[in-house]
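Let me begin by presenting the structure, written as structure tokens, before commenting on it.
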Amino acid sequence: MEKIENKGIINRVYSWFKNLTVKGLLGAILIAFVIIIILTSLTFLPSIMGRISNSLSAALYSVFVPAESATITADKSIINSGEDFTINFKKGNTSVSGLFAVSYACNSNADLVSVETKSLKKINCDTPYYLLDKEDSIKIRVATANSVTRLVIVGSFENNDTQKVEDIGTVRVTIKNPSAGNISPANSNKPVSNTPNPTVTPVNPVSTPTPAQTYYGKPDLAVRLLQVGLLNSFNNQITSQTQFSYSDMVGIKFEIRNDGDANTGLWSFNAILPSLSTPVYNSNTQISLKPGESIIFTLGFTNLTNIYSNTITISADPLKQIAESNEYNNVILSTITNYSYNSNNYNYNSNSGTLGVTCYGSPSNPNTGDRVRWYANAFGGDGDYTYTWIGSDGLKSTSQNPSKTYNSTGEKQAVVTVESNDFYVSHTCSVNVY
């Protein structure tokens, strides 16, 4: 009995080992199959990443912004050039402290001044004009050289606690100039002769110009520049700057809004870009915008052209397919600088053939106590760079973009040295502290 029992144990051990071997073989085959798949994927990964990189040569992101509820009003909707009107603000949460502001586009064909108690103050275009603390109204005097101008004023509110600025609506005012374009004895300081002149027909002053009513019932696509800078393609955030290396991804953030009185219908826009890979970007068809609605776009592009000064042009409805009340606010321009190809702002190592470096400080004209960030962009070499900074007031760093606070005025210099593939190149940049 003992012998049979021992034989049973041996058989069970043999069966267990046999099954384990078979399972191990199947597991090994499965692992080998997975490894083959991974290696194959890695083989094609460079081409896949290349396609992704190419697709980022021009990337577009957009956010739809619905029309705001009316929180800003004007006491007049039609005025004559040179007259005053008043804008009133109303904030929903009265417990929040902050400042109201007005702004208008530089392509509005109008000049605005604030009518203060003792003086007149110019309201600069494309710049917020802030009211004083606790003020909720502003009297504005506006003038235009055109016979009729449609003025759109944007209201905003800056929260004192959070420093956050929010748009709170717009007002639209039609400005008439009866004397624009008229040449008449009535507009002259010379005495008027009663002698008939058979070759000249006297022109009577026009009291009510007829083009005013054409502004109603039409859409108005208006483009507004929000930000230009270095685009982070992972989070769609822009760091404001205007100087770039040819390898940077430049980002421009802009808003296209319907400032008119009717729906736009389907529309599109294009962008003329200083990019070698995407010189022209034509958008897809965009949704119809109701009055007050807008879309905020962030457009990024790479491969900056070999030109020092470059212009970005954004045009809404470039083919003029929409009958608008104002065609002069459909285009914005922005200028950026390519430091990689500016001989006065970069240096390169002739022995290495291509190794070069650019540098600059931001802001370029800081005040004492401000923090200055130094930027360096290397190119060429083997793509692997080390940075060494030395400069005024004890500047010393091995970071690519170090920061320093200057407590004295004058020119502050920074020298950056870049090493790549056993080659060195240095460049000096400076800022003026006031």
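Within each chain, counting starts at residue 1; across the structure tokens, chains are named A, B, ... in the order shown, with ligands numbered 1 upward in that order.
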All residues 12 Å or closer to region 136-139 of chain A, only C-alpha atoms, same chain fewer than 3 positions away omitted, as number ranges by chain: A: 71-76, 83-91, 94, 97-102, 112-117, 119-121, 123, 129-133, 142, 155-157
Could you list, as a VMD selection string, every residue within 9 Å of region 273-276 of chain A, counting only C-alpha atoms and ignoring same-chain residues fewer than 5 positions away? chain A and resid 57 to 58 281 301 to 307 310 to 314
I want to know what sits within 6 Å of region 368-379 of chain A, based on only C-alpha atoms, with residues of the same chain fewer than 2 positions away left out; could you give that as JSON, numbers by chain? {"A": [355, 356, 357, 358, 359, 360, 361, 362, 400, 401, 402, 403, 404, 405, 406, 407, 408]}
Quick one: residues within 6 Å of region 254-258 of chain A, only C-alpha atoms counted, chain neighbours fewer than 5 positions away excluded, as a VMD selection string? chain A and resid 220 to 226 291 to 297
Generate a file of the selected residues that holds C-alpha atoms, formatted as a JSON list (two decimals), in the first residue's frame.
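File written: part.json
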```json
[["chain", "number", "residue", "atom", "x", "y", "z"],
["A", 220, "ASP", "CA", -20.84, 93.66, -37.86],
["A", 221, "LEU", "CA", -17.91, 91.26, -37.47],
["A", 222, "ALA", "CA", -15.23, 93.00, -35.39],
["A", 223, "VAL", "CA", -11.77, 91.55, -34.69],
["A", 224, "ARG", "CA", -10.01, 92.38, -31.43],
["A", 225, "LEU", "CA", -6.44, 91.40, -30.50],
["A", 226, "LEU", "CA", -6.16, 89.87, -27.03],
["A", 291, "PRO", "CA", -25.60, 90.36, -31.75],
["A", 292, "GLY", "CA", -23.13, 90.46, -28.86],
["A", 293, "GLU", "CA", -21.90, 86.88, -29.31],
["A", 294, "SER", "CA", -18.27, 86.16, -30.04],
["A", 295, "ILE", "CA", -15.66, 83.43, -30.44],
["A", 296, "ILE", "CA", -12.21, 83.67, -28.89],
["A", 297, "PHE", "CA", -9.55, 81.96, -31.02]]
```
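Using only C-alpha atoms, the nearest neighbour of Tyr61 (chain A) within the list A:Tyr328, A:Phe234, A:Tyr104, A:Tyr246 is A:Phe234.
When CA of Thr337 (chain A) is paired with CA of Val228 (chain A), their separation reads 11.6 Å.
Closest approach to Asn329 (chain A) among A:Asp248, A:Asp111, A:Asp422, A:Asp317: A:Asp317, based on only C-alpha atoms.
From CA of Lys290 (chain A) back to CA of Leu266 (chain A), the distance works out to 11.1 Å.
Interatomic distance, CA of Tyr387 (chain A) to CA of Val433 (chain A): 24.1 Å.
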